[in-house]
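Notes to accompany the following structure.
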Amino acid sequence: MDYKTIIDQYYPDDNELKRILLVHSRQVADRCLKIAKQHPELKLDVEFLKEASMLHDIGIVKCNAPSIQCFGTEPYICHGMIGAQMLRSLNADGAHYNLERCALVCERHTGTGITREQIEAQHLPLPPDISYVPESLEEQVICYADKFYSKSDLSLERSVVQTAQSLEKFGTPGVRKFLKWVEMFE
């Protein structure tokens, strides 16, 4: 099952939400592929980067974020967990290894990762027993690339400085992690 089929299954109509998802995901995928090309020493799985980048935000369809045409019922912070559940439901028999890897990207791409401590301190509506922090290099690259693009303004590509500033509201550890990724991926 390829990412286009999966997206079409959950987004059957050609509407503004699907357009936002596709444009944003393509922006993230293109940046990931650029990083992979510039850094062959990282030995990134390019095919996986393509697929996972296109699916990382699939869960937004079930969230409430009217500014980006999402009219679901769930809090937006849950879109990663929801996307992971959606992909796992398609992969219930374990037949598609990349769908489980993509599900992990969904769970782990928000911010620079969400820790158990953040879930508890901020009372986030996420189960604290799941890792929401990117682990593999591919997960980190997708999480990093995602930070440069907004679904609310598809024409905007943030600079490194603008991206770091946008992360400040979530705390210094996330900014430090992002700046470490800058050193690794730029």
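Residues are referred to by chain and number: the chain letter is A, B, ... according to the order shown in the structure tokens, the number counts from 1 in that chain, and ligands are numbered separately from 1 in the order shown.
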Among region 5-147 of chain A, which residues does DSSP mark as helix (DSSP H, G or I) when it is run on the backbone? Keep the chain and numbering as in the structure and answer as a PyMOL selection string. chain A and resi 5-10+16-38+40-42+46-55+58-62+66-68+76-90+97-108+116-121+137-146
Skipping near chain neighbours, those fewer than 6 positions away, what residues fall within 8 Å of region 58-66 of chain A using only C-alpha atoms, listed as a ChimeraX atom specification? /A:7,10-11,17,21,72-76,78-84,86,106
In Å, rounded to a single decimal, give me how far CA of Leu87 (chain A) is from CA of Leu99 (chain A).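 These atoms are spaced 6.1 Å apart.
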Top pick for closest residue to Thr5 (chain A), considering A:Leu55, A:Leu42, A:Ala29, A:Ala164 and counting only C-alpha atoms: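 Going through A:Leu55, A:Leu42, A:Ala29, A:Ala164 one by one, the smallest distance to Thr5 (chain A) is for A:Leu55.
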Length of the CA of Leu90 (chain A) to CA of Ser136 (chain A) vector [Å]: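 These two atoms are separated by 22.5 Å.
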With distances taken over only C-alpha atoms, which residue among A:Val182, A:Leu154, A:Leu167, A:Val160 lies nearest Thr110 (chain A)?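 Between A:Val182, A:Leu154, A:Leu167, A:Val160, the residue approaching Thr110 (chain A) most closely is A:Leu167.
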I'd like the neighbourhood of Cys143 (chain A) as a VMD selection string, where a residue qualifies if any of its atoms comes within 8 Å (using only C-alpha atoms), though same-chain residues fewer than 2 positions away should be ignored. chain A and resid 105 108 to 113 134 139 to 141 145 to 147
Selection above as a file: C-alpha atoms, as an mmCIF file, in the first residue's frame:
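Once everything was written out, this is out_5.cif:
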```
data_model
loop_
_atom_site.group_PDB
_atom_site.id
_atom_site.type_symbol
_atom_site.label_atom_id
_atom_site.label_comp_id
_atom_site.auth_asym_id
_atom_site.auth_seq_id
_atom_site.Cartn_x
_atom_site.Cartn_y
_atom_site.Cartn_z
ATOM 1 C CA VAL A 105 7.064 9.044 12.819
ATOM 2 C CA ARG A 108 7.190 11.325 17.369
ATOM 3 C CA HIS A 109 7.258 14.366 15.064
ATOM 4 C CA THR A 110 5.395 16.978 17.118
ATOM 5 C CA GLY A 111 7.625 19.830 18.286
ATOM 6 C CA THR A 112 11.062 18.304 18.718
ATOM 7 C CA GLY A 113 9.383 15.422 20.501
ATOM 8 C CA PRO A 134 12.076 10.890 17.593
ATOM 9 C CA GLU A 139 12.445 10.187 12.493
ATOM 10 C CA GLN A 140 14.736 13.044 13.513
ATOM 11 C CA VAL A 141 15.137 14.294 9.926
ATOM 12 C CA ALA A 145 12.173 19.289 8.335
ATOM 13 C CA ASP A 146 8.592 19.653 9.566
ATOM 14 C CA LYS A 147 9.540 22.577 11.805
#
```
From a DSSP calculation on the backbone, collect every residue of region 5-116 of chain A in strand (DSSP E) and output the set as a list in words. Asn64, Ala65, Cys70 and Phe71 of chain A
Can you tell me how far CA of Ala52 (chain A) sits from CA of Ile6 (chain A), in Å to one decimal? 11.5 Å
Which residue is closest to Phe170 (chain A)? Choose from A:Ser131, A:Arg88, A:Ile114, A:Phe185 and count only C-alpha atoms.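 Closest to Phe170 (chain A) of all the choices is A:Ile114.
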Find the residue from A:Ala92, A:Cys70, A:Ala36, A:Met54 that sits nearest to Glu16 (chain A); use only C-alpha atoms when measuring.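 Among the listed residues, A:Cys70 lies closest to Glu16 (chain A).
Using only C-alpha atoms, the smallest distance between any of A:Val46, A:Asp8, A:Tyr3, A:Gln38 and Glu138 (chain A) comes from A:Val46.
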